[in-house]
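Visitor: Dropping the structure in here first, questions after.
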Amino acid sequence: MSQHTESKLFKDLKKAIPEADLVRHEDRISLGVPDVSYSYKVHGWIELKQGQWPANRRKSVNFSHPLTPQQKKFLKTKDLMVGHTFILAWIGDEYLWFLGRDSYQLGILTQMQLKRLAVAYTVRLDDDIYDILIHTYPS
């Protein structure tokens, strides 16, 4: 299994959807800004998260860097205002996509609950991501 880092996740995401304009953000001034902004027919935000499934499936899934209160607020507010705001969680060898409005749920749900909450669930990053980014929200 490859080394799980948010940096590697960003590189893999760029490789999977080369036509999209992805910009990595490491904003230390404006707290809460997601890791990635994207443009491809629509503009939006993606927060990258990495975690591991717990051995006990009844325990909540922990992330290496939990969402901060500022990130949760940004994701939920932007999602409810304009949409196209996602959290891409790389857990084990799986990728789960969540709406920004669900940011308050991450870190407290179990594996089964997270899989039910996800708007998309994949075992690889490929060009199906375009459908997620564009068609998850109504026009």
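Residue numbering restarts at 1 in every chain; chains get A, B, ... in the order shown in the structure tokens, and ligands count up from 1 in that same order.
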Would you list, as a PyMOL selection string, the residues of chain A that end up in helix (DSSP H, G or I) under DSSP run on this structure's backbone?
Guide: chain A and resi 6-16+69-82+100-105+111-117+129-135
Visitor: Quick one: residues within 10 Å of segment 127-133 of chain A, only C-alpha atoms counted, chain neighbours fewer than 6 positions away excluded, as a PyMOL selection string?
Guide: chain A and resi 13+15-20+38-46+84-86+97+119-120
Visitor: Kindly export the residues of the current selection with C-alpha atoms, as a compact mmCIF listing (two decimals), in the first residue's frame.
Guide:
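The resulting file, result_17.txt, is shown below:
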# COMPACT_ATOMS: atom_id res chain seq x y z
CA LEU A 13 -6.34 13.79 -8.17
CA LYS A 15 -3.43 12.97 -12.66
CA ALA A 16 -6.97 11.54 -12.66
CA ILE A 17 -8.63 14.71 -14.01
CA PRO A 18 -6.01 16.56 -16.10
CA GLU A 19 -8.56 18.80 -17.87
CA ALA A 20 -9.62 20.40 -14.60
CA TYR A 38 -11.12 23.62 -8.99
CA SER A 39 -12.55 24.84 -12.25
CA TYR A 40 -14.04 22.56 -14.87
CA LYS A 41 -17.39 23.80 -16.21
CA VAL A 42 -18.10 24.85 -12.60
CA HIS A 43 -15.96 26.26 -9.83
CA GLY A 44 -15.72 24.66 -6.41
CA TRP A 45 -13.68 23.55 -3.43
CA ILE A 46 -12.30 20.22 -2.23
CA HIS A 84 -19.77 22.43 -5.41
CA THR A 85 -17.99 22.04 -2.09
CA PHE A 86 -16.62 18.59 -1.28
CA TRP A 97 -16.74 12.01 -1.49
CA VAL A 119 -22.26 10.98 -2.30
CA ALA A 120 -19.71 8.81 -4.11
Visitor: So that I can check the surroundings of His65 of chain A, please list as a list of chain:residue names every protein, DNA and RNA residue that reaches within 9 Å of it, counting only C-alpha atoms and ignoring chain neighbours fewer than 3 positions away.
Guide: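 Using only C-alpha atoms, the neighbours found are A:Lys49, A:Gln50, A:Gly51, A:Asn62, A:Thr68.
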Visitor: With N, CA and C atoms retained, write the just-selected residues as a CSV table (one decimal), in the first residue's frame.
Guide:
chain,number,residue,atom,x,y,z
A,49,LYS,N,-8.8,14.8,2.9
A,49,LYS,CA,-8.6,14.2,4.2
A,49,LYS,C,-8.1,12.8,4.0
A,50,GLN,N,-7.3,12.3,5.0
A,50,GLN,CA,-6.7,11.0,4.9
A,50,GLN,C,-7.0,10.4,6.3
A,51,GLY,N,-7.4,9.1,6.2
A,51,GLY,CA,-7.6,8.4,7.5
A,51,GLY,C,-7.5,6.9,7.3
A,62,ASN,N,-11.1,8.0,12.4
A,62,ASN,CA,-10.3,9.2,12.7
A,62,ASN,C,-9.5,9.6,11.5
A,68,THR,N,-10.9,21.4,11.2
A,68,THR,CA,-11.0,22.5,12.2
A,68,THR,C,-12.4,23.1,12.2
Visitor: Work out how far apart atom CA of Ala55 of chain A and atom CA of Asp35 of chain A are and give it in Å to one decimal.
Guide: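 Computed distance, atom CA of Ala55 of chain A to atom CA of Asp35 of chain A, equals 28.3 Å.
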Visitor: When DSSP works through the backbone of this structure, what residues of segment 52-129 of chain A end up as strand (DSSP E), shown as a VMD selection string?
Guide: chain A and resid 52 62 to 63 85 to 91 94 to 99 120 to 122
Visitor: Would you please work out which residue, of A:Ser37, A:Ser30, A:Asn56, A:Ser64, is nearest to Glu6 of chain A when using only C-alpha atoms?
Guide: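 Closest candidate: A:Ser64.
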Visitor: So which residues touch segment 104-112 of chain A within 12 Å, counting only C-alpha atoms, skipping near sequence neighbours fewer than 5 positions away, as a CSV table (one decimal) with N, CA and C atoms, in the first residue's frame?
Guide:
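What landed in around-v9.csv:
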chain,number,residue,atom,x,y,z
A,47,GLU,N,-11.8,19.7,0.1
A,47,GLU,CA,-10.9,19.5,1.2
A,47,GLU,C,-10.5,18.1,1.2
A,49,LYS,N,-8.8,14.8,2.9
A,49,LYS,CA,-8.6,14.2,4.2
A,49,LYS,C,-8.1,12.8,4.0
A,50,GLN,N,-7.3,12.3,5.0
A,50,GLN,CA,-6.7,11.0,4.9
A,50,GLN,C,-7.0,10.4,6.3
A,51,GLY,N,-7.4,9.1,6.2
A,51,GLY,CA,-7.6,8.4,7.5
A,51,GLY,C,-7.5,6.9,7.3
A,52,GLN,N,-7.7,6.1,8.3
A,52,GLN,CA,-7.7,4.7,8.3
A,52,GLN,C,-9.0,4.1,8.9
A,53,TRP,N,-9.4,3.0,8.4
A,53,TRP,CA,-10.6,2.4,9.0
A,53,TRP,C,-10.1,1.8,10.4
A,54,PRO,N,-10.9,2.0,11.4
A,54,PRO,CA,-10.6,1.4,12.7
A,54,PRO,C,-10.8,-0.1,12.7
A,55,ALA,N,-10.0,-0.8,13.5
A,55,ALA,CA,-10.1,-2.3,13.6
A,55,ALA,C,-11.5,-2.6,14.1
A,56,ASN,N,-12.1,-1.9,15.0
A,56,ASN,CA,-13.4,-2.1,15.5
A,56,ASN,C,-14.4,-1.2,14.7
A,57,ARG,N,-15.2,-1.8,13.9
A,57,ARG,CA,-16.1,-1.1,13.0
A,57,ARG,C,-17.2,-0.3,13.8
A,58,ARG,N,-17.3,-0.5,15.0
A,58,ARG,CA,-18.2,0.4,15.8
A,58,ARG,C,-17.6,1.7,16.3
A,59,LYS,N,-16.3,1.8,16.1
A,59,LYS,CA,-15.6,3.0,16.5
A,59,LYS,C,-15.7,4.0,15.3
A,60,SER,N,-15.6,5.3,15.6
A,60,SER,CA,-15.6,6.3,14.6
A,60,SER,C,-14.3,6.3,13.8
A,61,VAL,N,-14.4,6.8,12.6
A,61,VAL,CA,-13.2,6.9,11.8
A,61,VAL,C,-12.4,8.2,12.1
A,62,ASN,N,-11.1,8.0,12.4
A,62,ASN,CA,-10.3,9.2,12.7
A,62,ASN,C,-9.5,9.6,11.5
A,63,PHE,N,-9.3,10.9,11.4
A,63,PHE,CA,-8.5,11.4,10.3
A,63,PHE,C,-7.2,11.9,10.8
A,64,SER,N,-6.1,11.9,10.0
A,64,SER,CA,-4.8,12.3,10.5
A,64,SER,C,-4.8,13.7,10.9
A,65,HIS,N,-5.6,14.6,10.2
A,65,HIS,CA,-5.7,16.0,10.5
A,65,HIS,C,-7.2,16.3,10.5
A,66,PRO,N,-7.9,16.2,11.7
A,66,PRO,CA,-9.3,16.4,11.7
A,66,PRO,C,-9.7,17.8,11.2
A,67,LEU,N,-10.9,18.0,10.7
A,67,LEU,CA,-11.4,19.3,10.2
A,67,LEU,C,-11.4,20.2,11.4
A,68,THR,N,-10.9,21.4,11.2
A,68,THR,CA,-11.0,22.5,12.2
A,68,THR,C,-12.4,23.1,12.2
A,69,PRO,N,-12.8,23.8,13.3
A,69,PRO,CA,-14.1,24.5,13.3
A,69,PRO,C,-14.2,25.5,12.1
A,70,GLN,N,-13.1,26.1,11.7
A,70,GLN,CA,-13.2,27.1,10.6
A,70,GLN,C,-13.4,26.4,9.3
A,71,GLN,N,-12.8,25.2,9.1
A,71,GLN,CA,-13.0,24.4,7.9
A,71,GLN,C,-14.4,24.0,7.8
A,72,LYS,N,-15.0,23.5,8.9
A,72,LYS,CA,-16.3,23.0,8.9
A,72,LYS,C,-17.3,24.1,8.5
A,73,LYS,N,-17.1,25.3,9.1
A,73,LYS,CA,-17.9,26.4,8.8
A,73,LYS,C,-17.8,26.8,7.3
A,74,PHE,N,-16.6,26.9,6.8
A,74,PHE,CA,-16.4,27.3,5.4
A,74,PHE,C,-17.1,26.3,4.5
A,75,LEU,N,-16.9,25.0,4.7
A,75,LEU,CA,-17.4,24.0,3.9
A,75,LEU,C,-19.0,24.0,3.9
A,76,LYS,N,-19.5,24.1,5.1
A,76,LYS,CA,-21.0,24.0,5.2
A,76,LYS,C,-21.6,25.3,4.6
A,77,THR,N,-21.0,26.5,4.9
A,77,THR,CA,-21.6,27.7,4.4
A,77,THR,C,-21.5,27.8,2.9
A,87,ILE,N,-15.6,17.2,0.3
A,87,ILE,CA,-14.5,16.6,1.1
A,87,ILE,C,-14.2,15.3,0.5
A,88,LEU,N,-12.9,15.1,0.1
A,88,LEU,CA,-12.5,13.9,-0.5
A,88,LEU,C,-11.6,13.2,0.6
A,89,ALA,N,-12.2,12.1,1.1
A,89,ALA,CA,-11.5,11.3,2.1
A,89,ALA,C,-10.9,10.0,1.6
A,91,ILE,N,-9.4,6.8,2.7
A,91,ILE,CA,-9.4,5.9,3.9
A,91,ILE,C,-9.1,4.5,3.4
A,92,GLY,N,-8.0,4.0,4.0
A,92,GLY,CA,-7.5,2.7,3.5
A,92,GLY,C,-7.2,2.8,2.0
A,94,GLU,N,-9.7,3.3,-0.2
A,94,GLU,CA,-10.9,3.7,-0.8
A,94,GLU,C,-11.0,5.3,-0.7
A,96,LEU,N,-13.8,8.4,-0.6
A,96,LEU,CA,-15.2,8.7,-0.3
A,96,LEU,C,-15.4,10.2,-0.5
A,97,TRP,N,-16.4,10.6,-1.2
A,97,TRP,CA,-16.7,12.0,-1.5
A,97,TRP,C,-17.9,12.4,-0.6
A,98,PHE,N,-17.8,13.5,0.1
A,98,PHE,CA,-18.9,14.1,0.9
A,98,PHE,C,-19.2,15.5,0.5
A,99,LEU,N,-20.4,15.9,0.7
A,99,LEU,CA,-20.8,17.3,0.5
A,99,LEU,C,-20.2,18.1,1.6
A,117,LEU,N,-23.2,8.0,4.1
A,117,LEU,CA,-23.3,9.5,3.9
A,117,LEU,C,-22.6,9.9,2.6
A,118,ALA,N,-21.6,9.2,2.2
A,118,ALA,CA,-20.9,9.6,1.0
A,118,ALA,C,-21.8,9.8,-0.2
A,121,TYR,N,-18.4,6.8,-3.8
A,121,TYR,CA,-17.5,5.9,-3.1
A,121,TYR,C,-16.8,5.1,-4.2
